[in-house]
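Here's the structure we're looking at; comments come further down.
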Amino acid sequence: MRKKLFAGNWKMNLTPLEGRTLIAALRAQLDRDSAALAADREVLVAPPFVTIPAVSQALAGSSILLGAQNVHFESKGAFTGEVSAPMLKCFGVTHVIIGHSERRHIFKEDDDLIAKRLAGAIAHQMTPILCVGETLEQRQQGETMRVVLAQLQAGLAAAPTERSAHLVVAYEPVWAIGTGHTATPQQAQEVHAAIRVALRDHFGKEQGDRVRILYGGSVTPDNIDSLIAQPDIDGALVGGASLKAESFARIVRAGMA
Ligand code: PEP
């Protein structure tokens, strides 16, 4: 069984104080159910770098995992503005989002750079959450599968089988991120199924089936249940709705009685 993963991407939101406050509110919602939740799902938050230390403290004794929104591929050196895996690990960061569409499109990170970041994260035993997704124009031109699978292959080329057991993939159609236009469960499942086939080809069936594939793009408490019911949707990468404890907690409980 693949444990579901619900990951909150805070993007460039929440100061250390605000992050601490959100974690307290989230724990008030989730801690009492932590045993039931842990049976089949994991919860993760990915704050901005400067908010990570405060959130790390606020998470003491909690099963909520801590992630970062990017990572450099070298451990240290002359890379102004970057943060390394060993630095993140000092604060208990275990997961890192790599290749988010905002990194690809606003900051022009290309497949090569993303593959290097992925390899760096794996080398430091961190779990990468590799994001892939097509633009609206690419979808309208029937290019979705080609674009998504090319981004995936470029990332997988940096993911050696024997060291990538925990890799996570997030399918995030660019046209659905922050727009309120979520993919239908069928649109998402179709792409997730193609990603699953590519993962089995790369890793072999057993390991390919272990990789979790998250959906991201305007996930809310109102649409998560039908998305999570799809066979290849193993959780969600959530932006806006992860900034409020109540809505994120509701998403985390998706599909539970
Ligand atoms: C994201 O940040 O990855 C995301 C999917 O954002 P939103 O949920 O706000 O669309």
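Following the order of the structure tokens, chains are lettered A, B, ..., residues in each are numbered from 1, and ligands are numbered from 1.
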Can you pull out the residues contacting Gln57 in chain A? Cut-off 10 Å, using only C-alpha atoms, and skip same-chain residues under 6 positions away; I want them as number ranges by chain.
A: 20, 23, 91-92
Mind writing the picked residues with C-alpha atoms as a compact mmCIF listing (two decimals), in the first residue's frame?
# COMPACT_ATOMS: atom_id res chain seq x y z
CA ARG A 20 4.41 29.07 14.14
CA ILE A 23 1.39 25.05 12.90
CA PHE A 91 16.31 21.72 10.95
CA GLY A 92 14.84 18.29 10.32
Within 9 Å of ligand 1, counting only C-alpha atoms and all ligand atoms: which residues, as number ranges by chain?
A: 7-11, 100-102, 131, 170, 172-182, 215-220, 236-242
Atoms to include: N, CA, C and O atoms. Write the selected residues as a compact mmCIF listing (two decimals), in the first residue's frame.
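In the end it all went to part_35.txt:
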# COMPACT_ATOMS: atom_id res chain seq x y z
N ALA A 7 0.84 17.47 1.03
CA ALA A 7 1.95 18.40 1.25
C ALA A 7 1.47 19.83 1.03
O ALA A 7 0.86 20.14 -0.01
N GLY A 8 1.74 20.69 1.99
CA GLY A 8 1.37 22.10 1.88
C GLY A 8 2.57 22.92 1.41
O GLY A 8 3.62 22.92 2.07
N ASN A 9 2.42 23.56 0.27
CA ASN A 9 3.48 24.42 -0.25
C ASN A 9 3.10 25.86 0.10
O ASN A 9 2.19 26.43 -0.51
N TRP A 10 3.80 26.42 1.08
CA TRP A 10 3.43 27.77 1.55
C TRP A 10 3.92 28.86 0.59
O TRP A 10 3.59 30.01 0.77
N LYS A 11 4.72 28.48 -0.38
CA LYS A 11 5.29 29.46 -1.33
C LYS A 11 5.95 30.61 -0.54
O LYS A 11 6.49 30.37 0.52
N HIS A 100 9.19 23.01 -9.24
CA HIS A 100 7.83 23.60 -9.20
C HIS A 100 7.65 24.51 -10.41
O HIS A 100 8.59 25.15 -10.86
N SER A 101 6.44 24.59 -10.91
CA SER A 101 6.22 25.37 -12.15
C SER A 101 6.62 26.83 -11.98
O SER A 101 7.02 27.48 -12.94
N GLU A 102 6.51 27.34 -10.74
CA GLU A 102 6.94 28.74 -10.55
C GLU A 102 8.46 28.85 -10.68
O GLU A 102 8.97 29.87 -11.13
N CYS A 131 8.18 18.07 -9.51
CA CYS A 131 6.95 18.60 -10.10
C CYS A 131 7.04 18.62 -11.62
O CYS A 131 8.07 19.03 -12.18
N ALA A 170 4.95 15.01 -8.45
CA ALA A 170 3.70 15.80 -8.36
C ALA A 170 3.31 16.26 -9.75
O ALA A 170 4.10 16.95 -10.41
N GLU A 172 1.33 18.73 -11.70
CA GLU A 172 0.69 20.02 -11.45
C GLU A 172 0.51 20.76 -12.78
O GLU A 172 1.44 21.43 -13.25
N PRO A 173 -0.66 20.62 -13.39
CA PRO A 173 -0.89 21.39 -14.62
C PRO A 173 -0.76 22.89 -14.33
O PRO A 173 -1.37 23.39 -13.38
N VAL A 174 0.06 23.57 -15.12
CA VAL A 174 0.36 24.99 -14.82
C VAL A 174 -0.92 25.81 -14.81
O VAL A 174 -1.09 26.72 -14.00
N TRP A 175 -1.87 25.46 -15.70
CA TRP A 175 -3.12 26.22 -15.80
C TRP A 175 -4.03 26.03 -14.59
O TRP A 175 -5.02 26.75 -14.43
N ALA A 176 -3.70 25.08 -13.74
CA ALA A 176 -4.54 24.82 -12.56
C ALA A 176 -3.96 25.42 -11.29
O ALA A 176 -4.64 25.49 -10.27
N ILE A 177 -2.70 25.87 -11.35
CA ILE A 177 -2.04 26.32 -10.12
C ILE A 177 -2.46 27.75 -9.78
O ILE A 177 -2.24 28.67 -10.57
N GLY A 178 -3.11 27.89 -8.64
CA GLY A 178 -3.49 29.21 -8.15
C GLY A 178 -4.58 29.89 -8.97
O GLY A 178 -4.82 31.09 -8.83
N THR A 179 -5.26 29.13 -9.83
CA THR A 179 -6.24 29.74 -10.72
C THR A 179 -7.68 29.43 -10.32
O THR A 179 -8.61 30.05 -10.83
N GLY A 180 -7.88 28.43 -9.49
CA GLY A 180 -9.23 27.99 -9.17
C GLY A 180 -9.78 27.02 -10.21
O GLY A 180 -10.87 26.49 -10.05
N HIS A 181 -9.02 26.78 -11.30
CA HIS A 181 -9.47 25.82 -12.33
C HIS A 181 -8.74 24.50 -12.11
O HIS A 181 -7.67 24.30 -12.67
N THR A 182 -9.31 23.63 -11.30
CA THR A 182 -8.62 22.38 -11.06
C THR A 182 -8.85 21.41 -12.22
O THR A 182 -9.85 21.53 -12.94
N TYR A 215 -1.31 15.00 -6.94
CA TYR A 215 -1.91 15.98 -7.85
C TYR A 215 -1.81 17.35 -7.18
O TYR A 215 -2.02 17.49 -5.97
N GLY A 216 -1.52 18.38 -7.97
CA GLY A 216 -1.52 19.75 -7.45
C GLY A 216 -2.14 20.69 -8.46
O GLY A 216 -1.95 20.54 -9.68
N GLY A 217 -2.85 21.69 -7.95
CA GLY A 217 -3.48 22.68 -8.81
C GLY A 217 -4.88 22.98 -8.31
O GLY A 217 -5.82 22.25 -8.62
N SER A 218 -4.97 24.03 -7.47
CA SER A 218 -6.27 24.48 -6.95
C SER A 218 -7.02 23.38 -6.20
O SER A 218 -8.25 23.26 -6.33
N VAL A 219 -6.28 22.58 -5.44
CA VAL A 219 -6.94 21.59 -4.58
C VAL A 219 -7.60 22.31 -3.41
O VAL A 219 -7.01 23.21 -2.81
N THR A 220 -8.84 21.93 -3.12
CA THR A 220 -9.59 22.53 -2.01
C THR A 220 -10.31 21.41 -1.25
O THR A 220 -10.41 20.27 -1.75
N ALA A 236 -1.83 15.02 -2.47
CA ALA A 236 -1.95 16.33 -3.11
C ALA A 236 -0.82 17.25 -2.68
O ALA A 236 -0.34 17.17 -1.54
N LEU A 237 -0.41 18.09 -3.61
CA LEU A 237 0.48 19.21 -3.30
C LEU A 237 -0.42 20.44 -3.33
O LEU A 237 -1.03 20.75 -4.36
N VAL A 238 -0.52 21.10 -2.18
CA VAL A 238 -1.56 22.11 -1.99
C VAL A 238 -0.91 23.47 -1.72
O VAL A 238 -0.09 23.59 -0.81
N GLY A 239 -1.26 24.48 -2.51
CA GLY A 239 -0.74 25.82 -2.28
C GLY A 239 -1.68 26.62 -1.39
O GLY A 239 -1.67 26.47 -0.17
N GLY A 240 -2.52 27.42 -2.01
CA GLY A 240 -3.39 28.37 -1.28
C GLY A 240 -4.14 27.75 -0.11
O GLY A 240 -4.16 28.32 0.99
N ALA A 241 -4.73 26.59 -0.33
CA ALA A 241 -5.57 25.99 0.73
C ALA A 241 -4.75 25.42 1.88
O ALA A 241 -5.31 24.99 2.89
N SER A 242 -3.40 25.42 1.76
CA SER A 242 -2.59 24.94 2.88
C SER A 242 -2.25 26.07 3.86
O SER A 242 -1.64 25.84 4.90
State, in Å with one decimal place, the distance from CA of His124 in chain A to CA of Leu156 in chain A.
16.5 Å
According to DSSP computed on the backbone, where in range 34-137 of chain A is there strand (DSSP E)? Give the residues as JSON, numbers by chain.
{"A": [41, 42, 43, 44, 45, 46, 65, 66, 67, 68, 95, 96, 97, 98, 127, 128, 129, 130, 131, 132]}
Go ahead and save the picked residues with C-alpha atoms, as a compact mmCIF listing (two decimals), in the first residue's frame.
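part.txt was written with the following content:
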# COMPACT_ATOMS: atom_id res chain seq x y z
CA ARG A 41 -1.20 8.97 5.14
CA GLU A 42 1.56 11.47 5.77
CA VAL A 43 1.31 15.23 6.17
CA LEU A 44 4.03 17.68 5.20
CA VAL A 45 4.49 21.45 5.22
CA ALA A 46 7.03 23.31 3.08
CA LEU A 65 6.89 16.27 8.16
CA LEU A 66 8.98 19.27 7.17
CA GLY A 67 9.89 20.11 3.59
CA ALA A 68 11.64 22.90 1.70
CA HIS A 95 11.58 16.48 1.74
CA VAL A 96 12.20 19.06 -0.93
CA ILE A 97 9.99 20.33 -3.76
CA ILE A 98 11.99 20.41 -6.99
CA THR A 127 13.05 12.91 -0.53
CA PRO A 128 12.54 14.96 -3.69
CA ILE A 129 9.04 15.93 -4.78
CA LEU A 130 9.58 16.34 -8.51
CA CYS A 131 6.95 18.60 -10.10
CA VAL A 132 5.88 18.24 -13.72
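Among the candidates A:Ala24, A:Leu167, A:Val93, A:Leu118, the one nearest to Arg210 in chain A when counting only C-alpha atoms is A:Leu167.
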Surrounding residues of Val147 in chain A excluding itself and chain neighbours under 2 positions, 9 Å, only C-alpha atoms, as an mmCIF file with N, CA, C and O atoms, in the first residue's frame:
data_model
loop_
_atom_site.group_PDB
_atom_site.id
_atom_site.type_symbol
_atom_site.label_atom_id
_atom_site.label_comp_id
_atom_site.auth_asym_id
_atom_site.auth_seq_id
_atom_site.Cartn_x
_atom_site.Cartn_y
_atom_site.Cartn_z
ATOM 1 N N VAL A 132 5.966 18.204 -12.249
ATOM 2 C CA VAL A 132 5.879 18.236 -13.720
ATOM 3 C C VAL A 132 4.490 18.740 -14.089
ATOM 4 O O VAL A 132 3.542 18.593 -13.317
ATOM 5 N N GLY A 133 4.387 19.351 -15.271
ATOM 6 C CA GLY A 133 3.058 19.804 -15.684
ATOM 7 C C GLY A 133 3.106 20.668 -16.924
ATOM 8 O O GLY A 133 4.109 21.341 -17.189
ATOM 9 N N GLU A 134 2.014 20.642 -17.671
ATOM 10 C CA GLU A 134 1.934 21.367 -18.939
ATOM 11 C C GLU A 134 1.248 22.714 -18.772
ATOM 12 O O GLU A 134 0.453 22.898 -17.854
ATOM 13 N N GLN A 138 -0.041 24.249 -24.114
ATOM 14 C CA GLN A 138 0.419 22.895 -24.444
ATOM 15 C C GLN A 138 -0.733 21.895 -24.369
ATOM 16 O O GLN A 138 -0.846 21.006 -25.213
ATOM 17 N N GLU A 143 -0.392 18.498 -26.328
ATOM 18 C CA GLU A 143 1.012 18.207 -25.996
ATOM 19 C C GLU A 143 1.208 17.716 -24.555
ATOM 20 O O GLU A 143 2.338 17.534 -24.120
ATOM 21 N N THR A 144 0.101 17.547 -23.826
ATOM 22 C CA THR A 144 0.218 17.269 -22.382
ATOM 23 C C THR A 144 1.150 16.097 -22.076
ATOM 24 O O THR A 144 2.105 16.231 -21.307
ATOM 25 N N MET A 145 0.874 14.953 -22.675
ATOM 26 C CA MET A 145 1.652 13.749 -22.329
ATOM 27 C C MET A 145 3.123 13.922 -22.719
ATOM 28 O O MET A 145 4.020 13.566 -21.952
ATOM 29 N N LEU A 149 5.825 13.843 -19.740
ATOM 30 C CA LEU A 149 6.736 12.688 -19.712
ATOM 31 C C LEU A 149 8.175 13.109 -19.993
ATOM 32 O O LEU A 149 9.113 12.528 -19.439
ATOM 33 N N ALA A 150 8.363 14.155 -20.805
ATOM 34 C CA ALA A 150 9.732 14.640 -21.048
ATOM 35 C C ALA A 150 10.313 15.240 -19.761
ATOM 36 O O ALA A 150 11.482 14.998 -19.415
ATOM 37 N N GLN A 151 9.507 16.016 -19.041
ATOM 38 C CA GLN A 151 9.991 16.578 -17.771
ATOM 39 C C GLN A 151 10.300 15.457 -16.783
ATOM 40 O O GLN A 151 11.309 15.490 -16.067
ATOM 41 N N LEU A 152 9.418 14.461 -16.764
ATOM 42 C CA LEU A 152 9.625 13.330 -15.846
ATOM 43 C C LEU A 152 10.917 12.585 -16.197
ATOM 44 O O LEU A 152 11.744 12.304 -15.319
#
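The smallest atom-to-atom distance between Arg200 in chain A and any of A:Thr51, A:Gln125, A:Thr161, A:Thr15, using only C-alpha atoms, is found for A:Thr161.
Coordinates place CA of Asp40 in chain A at a distance of 6.2 Å from CA of Lys4 in chain A.
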Using only C-alpha atoms, which residue out of A:Ala183, A:Ala154, A:Ala165, A:Ile228 lies closest to Arg117 in chain A?
A:Ala154
Using DSSP on the backbone, list every residue of range 25-115 of chain A that comes out as alpha helix (DSSP H), and give them as an MDAnalysis selection string.
chainID A and resid 25:30 34:40 52:58 85:89 101:105 111:115
Neighbours of Pro86 in chain A within 8 Å (only C-alpha atoms; same-chain residues fewer than 2 positions away dropped), as a PDB file with C-alpha atoms, in the first residue's frame?
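Here's the written file part_29.pdb:
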ATOM      1  CA  SER A  75      26.757  21.157  -0.172  1.00  0.00           C
ATOM      2  CA  SER A  84      22.041  23.420   0.581  1.00  0.00           C
ATOM      3  CA  LEU A  88      18.108  22.151   5.566  1.00  0.00           C
ATOM      4  CA  LYS A  89      18.759  18.870   7.322  1.00  0.00           C
ATOM      5  CA  CYS A  90      19.969  20.800  10.412  1.00  0.00           C
ATOM      6  CA  HIS A 124      21.875  13.778   0.720  1.00  0.00           C
TER       7      HIS A 124
END
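As for CA of Val55 in chain A and CA of Gly99 in chain A, they are spaced 22.9 Å apart.
Each of A:Leu243, A:Val50, A:Ala119, A:Val252 was compared to Ala157 in chain A using only C-alpha atoms, and A:Ala119 turns out to be the nearest.
The residue that comes closest to Arg2 in chain A, out of A:Gly235, A:Ala78, A:Gly255, A:His105 and on the basis of only C-alpha atoms, is A:Gly235.
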